[in-house]
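Shown next, in structure tokens, is the structure this report addresses.
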Amino acid sequence: MAEGSVVKGVQIEVASMSAAAYAWNPATEEGTAPLVPEEIEPEERDIPVPTGFTVSRVNRVVSGVSLAFIRMTANAPDFGGDTIVFEISTNGGASYGAVTKERSAVEAEYGPMQDGVTYSIRGVIVSATGRRGAATSAVNLTSIFGPELVVNGAFSTDTAWDKQAGWTIGSGVATHSGAGGSIYQAVTLVAGQTYCLSFSVTAYTSSTMTPYLSGSTTASGPSVSAVGSYTQYLVAPAGSTILGFGTSGTMSIDNVSLRRISG
């Protein structure tokens, strides 16, 4: 339009829509609602001490041998997302480690128990966000091994042991070299009971050595063929009256101990 022109008229186009165009049907048009995030626990919530906490000693057969284990139980937590954690200390409570179990489980077992060790066991509730409540009072269990059955297990003198070919006792150890043979002594055993045998191989050159309990029958432990400290569990067969070590190699042993697991 040129400057100074006069507007003589305006044309306006109008369109209309029916009311149906503005109708809203939630059932067909709303779609699927987004997932609601899990509730975040209020940080001011007090996490309780576990209830129904119990500790007991149980026997479990492992590879044919009856061994002592610790069994722990507690009531299920009341708050969703909480879990029971069982913890054990073997150093008088200076530090605790969690017992491996399924997260939702309210019972667990730990073992086998070792000779001369006192176990402190407690339970604690841990929230879904990792917050810990107060732990239960610790329950103490001590290993249940009987008295020492071996005489002169330190080989401090050349006594108490019968020596076959190749064995000598001296300088605080029993040493074998040459022809095959055993070193052994009489012990008092109960048939069918489990015994904890520990010993050290202080020097090793060749072959293997096998510990055993023997009488009318023989129960042999795993053979060893290296310097180190060993712990084995043997079930006394009927008529067992002898603890021995047999080898055809060259090696020395020390610190022999045999104790009954009485649990």
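Note on naming: chains are A, B, ... as they come in the structure tokens, residues start from 1 per chain, ligands start from 1 in the order shown.
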Picked from stretch 14-179 of chain A by DSSP as strand (DSSP E), as a ChimeraX atom specification: /A:54-62,65-73,83-89,97-98,107-110,118-126,139-142,162-163,167-170,173-176
Stretch 89-102 of chain A environment, 10 Å, only C-alpha atoms, sequence neighbours closer than 2 positions dropped, as JSON, numbers by chain: {"A": [72, 83, 84, 85, 86, 87, 104, 105, 106, 107, 108, 109, 110, 117, 118, 119, 120, 121, 122, 123, 124, 138, 140, 142]}
Proximity to A:Ser200 - best of A:Thr217, A:Thr247, A:Ser240, A:Asn255, only C-alpha atoms: A:Asn255
Every residue of stretch 6-245 of chain A that DSSP places in helix (DSSP H, G or I), as a PyMOL selection string: chain A and resi 19-22+26-29
For those residues, write all heavy atoms to a file as a PDB file, in the first residue's frame.
ATOM      1  N   ALA A  19     -17.302 -28.754  19.239  1.00  0.00           N
ATOM      2  CA  ALA A  19     -16.939 -29.024  20.635  1.00  0.00           C
ATOM      3  C   ALA A  19     -16.237 -30.366  20.790  1.00  0.00           C
ATOM      4  O   ALA A  19     -15.458 -30.589  21.725  1.00  0.00           O
ATOM      5  CB  ALA A  19     -18.180 -28.963  21.511  1.00  0.00           C
ATOM      6  N   ALA A  20     -16.485 -31.323  19.884  1.00  0.00           N
ATOM      7  CA  ALA A  20     -15.863 -32.641  19.982  1.00  0.00           C
ATOM      8  C   ALA A  20     -14.347 -32.559  19.890  1.00  0.00           C
ATOM      9  O   ALA A  20     -13.617 -33.415  20.405  1.00  0.00           O
ATOM     10  CB  ALA A  20     -16.409 -33.559  18.892  1.00  0.00           C
ATOM     11  N   ALA A  21     -13.855 -31.490  19.216  1.00  0.00           N
ATOM     12  CA  ALA A  21     -12.406 -31.349  19.072  1.00  0.00           C
ATOM     13  C   ALA A  21     -11.722 -31.095  20.402  1.00  0.00           C
ATOM     14  O   ALA A  21     -10.528 -31.327  20.561  1.00  0.00           O
ATOM     15  CB  ALA A  21     -12.095 -30.227  18.076  1.00  0.00           C
ATOM     16  N   TYR A  22     -12.467 -30.583  21.385  1.00  0.00           N
ATOM     17  CA  TYR A  22     -11.883 -30.249  22.678  1.00  0.00           C
ATOM     18  C   TYR A  22     -12.205 -31.297  23.752  1.00  0.00           C
ATOM     19  O   TYR A  22     -11.857 -31.116  24.915  1.00  0.00           O
ATOM     20  CB  TYR A  22     -12.383 -28.870  23.134  1.00  0.00           C
ATOM     21  CG  TYR A  22     -12.079 -27.766  22.163  1.00  0.00           C
ATOM     22  CD1 TYR A  22     -13.048 -27.341  21.245  1.00  0.00           C
ATOM     23  CD2 TYR A  22     -10.829 -27.165  22.138  1.00  0.00           C
ATOM     24  CE1 TYR A  22     -12.767 -26.338  20.333  1.00  0.00           C
ATOM     25  CE2 TYR A  22     -10.539 -26.158  21.228  1.00  0.00           C
ATOM     26  CZ  TYR A  22     -11.503 -25.747  20.323  1.00  0.00           C
ATOM     27  OH  TYR A  22     -11.219 -24.760  19.415  1.00  0.00           O
ATOM     28  N   PRO A  26      -9.617 -39.561  29.337  1.00  0.00           N
ATOM     29  CA  PRO A  26      -8.404 -40.063  30.011  1.00  0.00           C
ATOM     30  C   PRO A  26      -8.117 -41.526  29.694  1.00  0.00           C
ATOM     31  O   PRO A  26      -6.967 -41.935  29.583  1.00  0.00           O
ATOM     32  CB  PRO A  26      -8.704 -39.863  31.497  1.00  0.00           C
ATOM     33  CG  PRO A  26      -9.751 -38.797  31.528  1.00  0.00           C
ATOM     34  CD  PRO A  26     -10.576 -39.017  30.289  1.00  0.00           C
ATOM     35  N   ALA A  27      -9.145 -42.328  29.556  1.00  0.00           N
ATOM     36  CA  ALA A  27      -8.933 -43.762  29.350  1.00  0.00           C
ATOM     37  C   ALA A  27      -8.183 -44.054  28.060  1.00  0.00           C
ATOM     38  O   ALA A  27      -7.412 -45.001  27.965  1.00  0.00           O
ATOM     39  CB  ALA A  27     -10.268 -44.493  29.379  1.00  0.00           C
ATOM     40  N   THR A  28      -8.448 -43.234  27.031  1.00  0.00           N
ATOM     41  CA  THR A  28      -7.833 -43.504  25.734  1.00  0.00           C
ATOM     42  C   THR A  28      -6.699 -42.551  25.390  1.00  0.00           C
ATOM     43  O   THR A  28      -5.900 -42.814  24.497  1.00  0.00           O
ATOM     44  CB  THR A  28      -8.889 -43.451  24.630  1.00  0.00           C
ATOM     45  OG1 THR A  28      -9.475 -42.134  24.624  1.00  0.00           O
ATOM     46  CG2 THR A  28      -9.965 -44.506  24.864  1.00  0.00           C
ATOM     47  N   GLU A  29      -6.618 -41.414  26.087  1.00  0.00           N
ATOM     48  CA  GLU A  29      -5.651 -40.397  25.681  1.00  0.00           C
ATOM     49  C   GLU A  29      -4.588 -40.091  26.733  1.00  0.00           C
ATOM     50  O   GLU A  29      -3.573 -39.454  26.427  1.00  0.00           O
ATOM     51  CB  GLU A  29      -6.394 -39.095  25.330  1.00  0.00           C
ATOM     52  CG  GLU A  29      -7.374 -39.237  24.166  1.00  0.00           C
ATOM     53  CD  GLU A  29      -8.075 -37.931  23.850  1.00  0.00           C
ATOM     54  OE1 GLU A  29      -7.417 -37.068  23.243  1.00  0.00           O
ATOM     55  OE2 GLU A  29      -9.247 -37.784  24.242  1.00  0.00           O
TER      56      GLU A  29
END
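For A:Leu189, the non-local neighbours within 12 Å, defined as residues at least 3 positions apart in the same chain or in other chains and counting only C-alpha atoms, are Gly146, Pro147, Glu148, Leu149, Val150, Ala186, Gly192, Gln193, Thr194, Tyr195, Cys196, Leu213, Ser214, Gly215, Leu234, Val235, Ala236, Pro237, Ala238, Gly239, Ser240, Thr241, Ile242, Leu243, Leu258, Arg259, Arg260, Ile261 and Ser262 of chain A.
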Nearby residues (only C-alpha atoms) at most 9 Å from A:Asn152, same-chain spacing under 5 positions excluded, as an MDAnalysis selection string: chainID A and resid 157:161 255:256
Could you write out the selected residues, including N, CA and C atoms, as a PDB file, in the first residue's frame?
ATOM      1  N   THR A 157      62.419 -84.092  73.359  1.00  0.00           N
ATOM      2  CA  THR A 157      63.282 -85.211  73.767  1.00  0.00           C
ATOM      3  C   THR A 157      63.001 -86.388  72.835  1.00  0.00           C
ATOM      4  N   ASP A 158      63.870 -87.346  72.869  1.00  0.00           N
ATOM      5  CA  ASP A 158      63.705 -88.547  72.041  1.00  0.00           C
ATOM      6  C   ASP A 158      62.918 -89.589  72.836  1.00  0.00           C
ATOM      7  N   THR A 159      61.664 -89.219  73.150  1.00  0.00           N
ATOM      8  CA  THR A 159      60.802 -90.092  73.950  1.00  0.00           C
ATOM      9  C   THR A 159      59.401 -90.077  73.377  1.00  0.00           C
ATOM     10  N   ALA A 160      58.570 -91.046  73.821  1.00  0.00           N
ATOM     11  CA  ALA A 160      57.128 -91.143  73.549  1.00  0.00           C
ATOM     12  C   ALA A 160      56.805 -91.608  72.136  1.00  0.00           C
ATOM     13  N   TRP A 161      57.719 -91.517  71.203  1.00  0.00           N
ATOM     14  CA  TRP A 161      57.472 -91.903  69.822  1.00  0.00           C
ATOM     15  C   TRP A 161      58.229 -93.181  69.474  1.00  0.00           C
ATOM     16  N   ASN A 255      55.754 -79.878  66.118  1.00  0.00           N
ATOM     17  CA  ASN A 255      54.515 -79.300  66.654  1.00  0.00           C
ATOM     18  C   ASN A 255      53.284 -80.146  66.326  1.00  0.00           C
ATOM     19  N   VAL A 256      53.336 -81.416  66.657  1.00  0.00           N
ATOM     20  CA  VAL A 256      52.226 -82.322  66.398  1.00  0.00           C
ATOM     21  C   VAL A 256      51.193 -82.204  67.519  1.00  0.00           C
TER      22      VAL A 256
END
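The smallest atom-to-atom distance between A:Phe145 and any of A:Ser63, A:Ser225, A:Gln114, A:Ser16, using only C-alpha atoms, is found for A:Gln114.
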